[in-house]
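See structure below.
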Amino acid sequence: MKIVSVGISHLLFVGFLLGCTKVSKEHEQKQPNIVLFFVDDLGWQDSSLPFWEKRTAFNDRYKTPNMERLARQGMKFTEAYATPVCSPSRISLMTGMNAARHKVTNWTLKKNNMHDMEVNHSELAFPDWNVNGLSPDATTPRAVYATPLPELLRGAGYHTIHVGKAHFGAIGTPGENPLNLGFDVNVAGHAAGAPASYLGIEKFGNRESSTSSWGVPGLDKYHGEDIFLTEVLTLEAISQMEKAERMNKPFFLYLAHYAVHTPLQSDKKYLNKYLEVGLDSIEAKYASMVEGMDKSLGDVMHFLEEKKIEDNTIILFMSDNGGLSAVLRGGEPHTHNQPLSSGKGSIYEGGIREPMIVRWPGIVSPGSTSDQYLIIEDFFPTILEMAGLEESQMEQSVDGVSFIGILKDEGPPVNNRPLFWHYPNEWGYKGPGIGAFSAIRQGEWKLIYYHIDSRFELFNIKEDIGETVNKVCAQPEVAKVLAKTLGQYLRAVEAQMPTRKKNGDVVPWPDIVSI
């Protein structure tokens, strides 16, 4: 697949979409349906399906039979990565850009406003990152102007469906509404990154006395019902797929669950079994939400089979960041993703390594596993290639690399390619690997550069998956090579860096700091 990145006007681009997108005749006749099942805050260990060489107690705790079923039908990825927090991953997914390039480096909500914990940080002054998220309008301030994935798919003949969490743009900006980003349908997506409530009896947080922006919109017909949000979104997704089938068009369904993000509320259908085995009430609620999410996956798979379209439907399963562990969980903080260290918000593996599965009948070998690594922006060129787009013209430069070769088990391994993370921001909580940082993984090595004190950590991920032994002193030459590659990349994409309040100095690039 060839991606052409140019800076043409939006009007010219729309004309291109309507008349000039090239699709092969084979795919023109029978383009596959594509379902992207995207989960919020699901950790690498939040599954009865192991994503490691060993089965753990967490794999015995959670009940996800449909993830297991999907893996039997497709390929399981053991080293799939995203960013440590939600909006950066979602923008990378929709644009193919690394967060350092698109500069939506933290989660978005309020127009033109940084978060209080960033403004009030005691030591660092954070850069003017793109707080307004993704925009289809080049005039939107502090937003990344890019051609979104669904816009390209729609131009290639797809009916594009958004169901669930959006979190692409701040309140009052074009990116707030998925309909402005190329989706034909939007169910329940808006600016907020979590629901005020998962409960229909609480109107999903839409209370008359509340001025909160967290209430889930557009689900009024379920208000007052004793029903969980995950089930509602599944019903709506199935309804939209049925409509697409009647239209006789291929569909792209982006089913982006709010689960398993906080607030942790019990999905009552599944709660008691976890209480009965002795889980504390918080962890039992969490486990019930995980199982409800898995039931949604099973319902989608059942629908595809019932309609006899499963053989022409690709399913991609992914999470947007590591599992929550620093706050609001039961038990000891920073332990919920072990053997991975830390969790959401952290650059350690617990914050960025994700459960991922792809089923593509006739292409992907059933029951296969890949230990080749990839990162969230890789989904963009991969999905375009799946859709049969030979050429795509867009506003942005694309960092992602298609993983079609991995799915087909073709070509050489790609595990020596560098992956990059950049977070010149403040998440607001404390813990291992949490704070402003830049990082690179190349091969078995991972280098982390902390902005607050220009400190480095170097880990051999293959030997030390828990990141327990910092090898900077033992392997200084490895650290220097990685720091150079990281610094060169950050400069090339014009990455933003914080400033130190004590002296006004910009945090230096990693490759000019002594190791």
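Numbering starts fresh at 1 for the residues of each chain in the structure tokens, the chains themselves are lettered A, B, ... in the order given, and ligands are numbered from 1 as they appear.
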With the cut-off set at 10 Å and counting only C-alpha atoms, tabulate each residue of stretch 210-328 of chain A with an atom at most that distance from an atom of stretch 427-438 of chain A, showing the nearest atom pair and its distance in Å to one decimal, ordered by chain and increasing number, as a tab-separated table.
residue	atom	partner	partner_atom	distance
A:Ser325	CA	A:Gly431	CA	9.3
A:Ala326	CA	A:Gly431	CA	6.6
A:Val327	CA	A:Tyr429	CA	7.8
Self-check item: In stretch 323-460 of chain A, DSSP strand (DSSP E) residues written as an MDAnalysis selection string
Solution: chainID A and resid 353:359 368:370 374:375 389:394 419:423 437:442 445:450 455:460
Exercise. Give the helix (DSSP H, G or I) residues of stretch 222-456 of chain A, as DSSP finds them on the backbone, and put them as a ChimeraX atom specification.
Key: /A:222,229-247,268-276,281-306,310-312,349-352,376-386,404-407
Exercise. Name all residues at most 8 Å from A:Lys408 (count only C-alpha atoms; drop same-chain ones fewer than 4 positions away) and give them as a list in words.
Key: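 Near A:Lys408, the qualifying residues are Ile363, Val364, Ser365 and Ile404 of chain A.
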Exercise. Grab the atom CA of A:Lys30 to atom CA of A:Phe379 distance for me, in Å with one decimal place.
Key: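 Between atom CA of A:Lys30 and atom CA of A:Phe379 the gap is 21.1 Å.
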Practice problem: Please provide as a list in words all residues within 12 Å of stretch 139-141 of chain A, with the sequence filter that same-chain residues fewer than 5 positions apart are discarded (counting only C-alpha atoms). | Solution: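 Close residues of stretch 139-141 of chain A: Ser9, His10, Lys111, Asn112, Asn113, Asp128, Trp129, Asn130, Val131, Asn132, Gly133, Leu134, Ala146, Gly169, Ala170, Gly172, Thr173, Pro174, Gly175 and Glu176 of chain A.
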Could you write those residues out with C-alpha atoms, as a PDB file, in the first residue's frame?
ATOM      1  CA  SER A   9      -7.033  22.010   0.844  1.00  0.00           C
ATOM      2  CA  HIS A  10      -9.946  20.282   2.510  1.00  0.00           C
ATOM      3  CA  LYS A 111     -11.455  23.796  24.873  1.00  0.00           C
ATOM      4  CA  ASN A 112      -8.113  25.653  24.867  1.00  0.00           C
ATOM      5  CA  ASN A 113      -7.398  24.568  28.472  1.00  0.00           C
ATOM      6  CA  ASP A 128       1.132  24.220  24.619  1.00  0.00           C
ATOM      7  CA  TRP A 129       0.133  20.748  23.457  1.00  0.00           C
ATOM      8  CA  ASN A 130      -2.909  20.185  21.248  1.00  0.00           C
ATOM      9  CA  VAL A 131      -5.534  20.311  23.981  1.00  0.00           C
ATOM     10  CA  ASN A 132      -8.335  20.539  21.401  1.00  0.00           C
ATOM     11  CA  GLY A 133      -7.539  17.150  19.899  1.00  0.00           C
ATOM     12  CA  LEU A 134      -8.154  16.105  16.301  1.00  0.00           C
ATOM     13  CA  ALA A 146      -5.418  15.504   9.736  1.00  0.00           C
ATOM     14  CA  GLY A 169     -11.721  16.532  20.478  1.00  0.00           C
ATOM     15  CA  ALA A 170     -12.473  19.045  23.216  1.00  0.00           C
ATOM     16  CA  GLY A 172     -17.026  22.934  21.443  1.00  0.00           C
ATOM     17  CA  THR A 173     -14.531  21.905  18.759  1.00  0.00           C
ATOM     18  CA  PRO A 174     -15.265  20.071  15.471  1.00  0.00           C
ATOM     19  CA  GLY A 175     -13.479  16.941  16.677  1.00  0.00           C
ATOM     20  CA  GLU A 176     -15.940  16.555  19.542  1.00  0.00           C
TER      21      GLU A 176
END
Practice problem: Please provide as JSON, numbers by chain all residues within 12 Å of A:Asn337, with the sequence filter that same-chain residues fewer than 2 positions apart are discarded (counting only C-alpha atoms). | Solution: {"A": [41, 42, 43, 44, 45, 46, 47, 50, 51, 52, 56, 57, 58, 59, 321, 322, 323, 324, 325, 326, 329, 332, 333, 334, 335, 339, 340, 341, 342, 343, 344, 346, 348, 349, 350, 351, 352, 353, 354, 355, 465, 466]}
Quiz item: Which polymer residues have any atom within 9 Å of an atom of A:Val216, counting only C-alpha atoms, with same-chain residues fewer than 2 positions away left out, as a list in words?
Solution: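 Contacts, in chain order: Gly164, Lys165, Ala188, Gly189, His190, Ala192, Ala194, Pro195, Ala196, Ser197, Tyr198, Lys203, Phe204, Gly205, Asn206, Ser213, Trp214, Gly218 and Leu219 of chain A.
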Quiz item: Which one of A:Leu447, A:Met356, A:Leu328, A:Leu486 sits closest to A:Val472 if you count only C-alpha atoms?
Solution: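 Closest to A:Val472, using only C-alpha atoms: A:Leu447.
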Self-check item: Residues near A:Pro148, cut-off 8 Å, only C-alpha atoms, skip fewer than 4 positions along chain, as a list in words
Solution: Met94, Thr95, Pro136, Leu152, Leu181 and Gly182 of chain A
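Here the question is which of A:Glu444, A:Lys501, A:Gly157, A:Gly96 gets nearest to A:Met247 using only C-alpha atoms, and that residue is A:Gly157.
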Quiz item: What is the distance between atom CA of A:Ile461 and atom CA of A:Arg417, in Å to one decimal?
Solution: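 Between these atoms lies a distance of 14.7 Å.
With only C-alpha atoms as the atoms that count, the minimum distance from A:Lys462 to the choices A:Glu53, A:Asp280, A:Met497, A:Asn312 is reached by A:Glu53.
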Quiz item: For A:Tyr423, which residue out of A:Met394, A:Ala492, A:Ile452, A:Cys473 is the nearest one, using only C-alpha atoms?
Solution: A:Ile452
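Counting only C-alpha atoms, the residue from A:His115, A:Val414, A:Pro498, A:Pro510 that sits nearest to A:Glu457 is A:Pro510.
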Exercise. Counting only C-alpha atoms, figure out which residue out of A:Thr382, A:Ser212, A:Thr147, A:Ser48 gets nearest to A:Ile34.
Key: A:Thr382
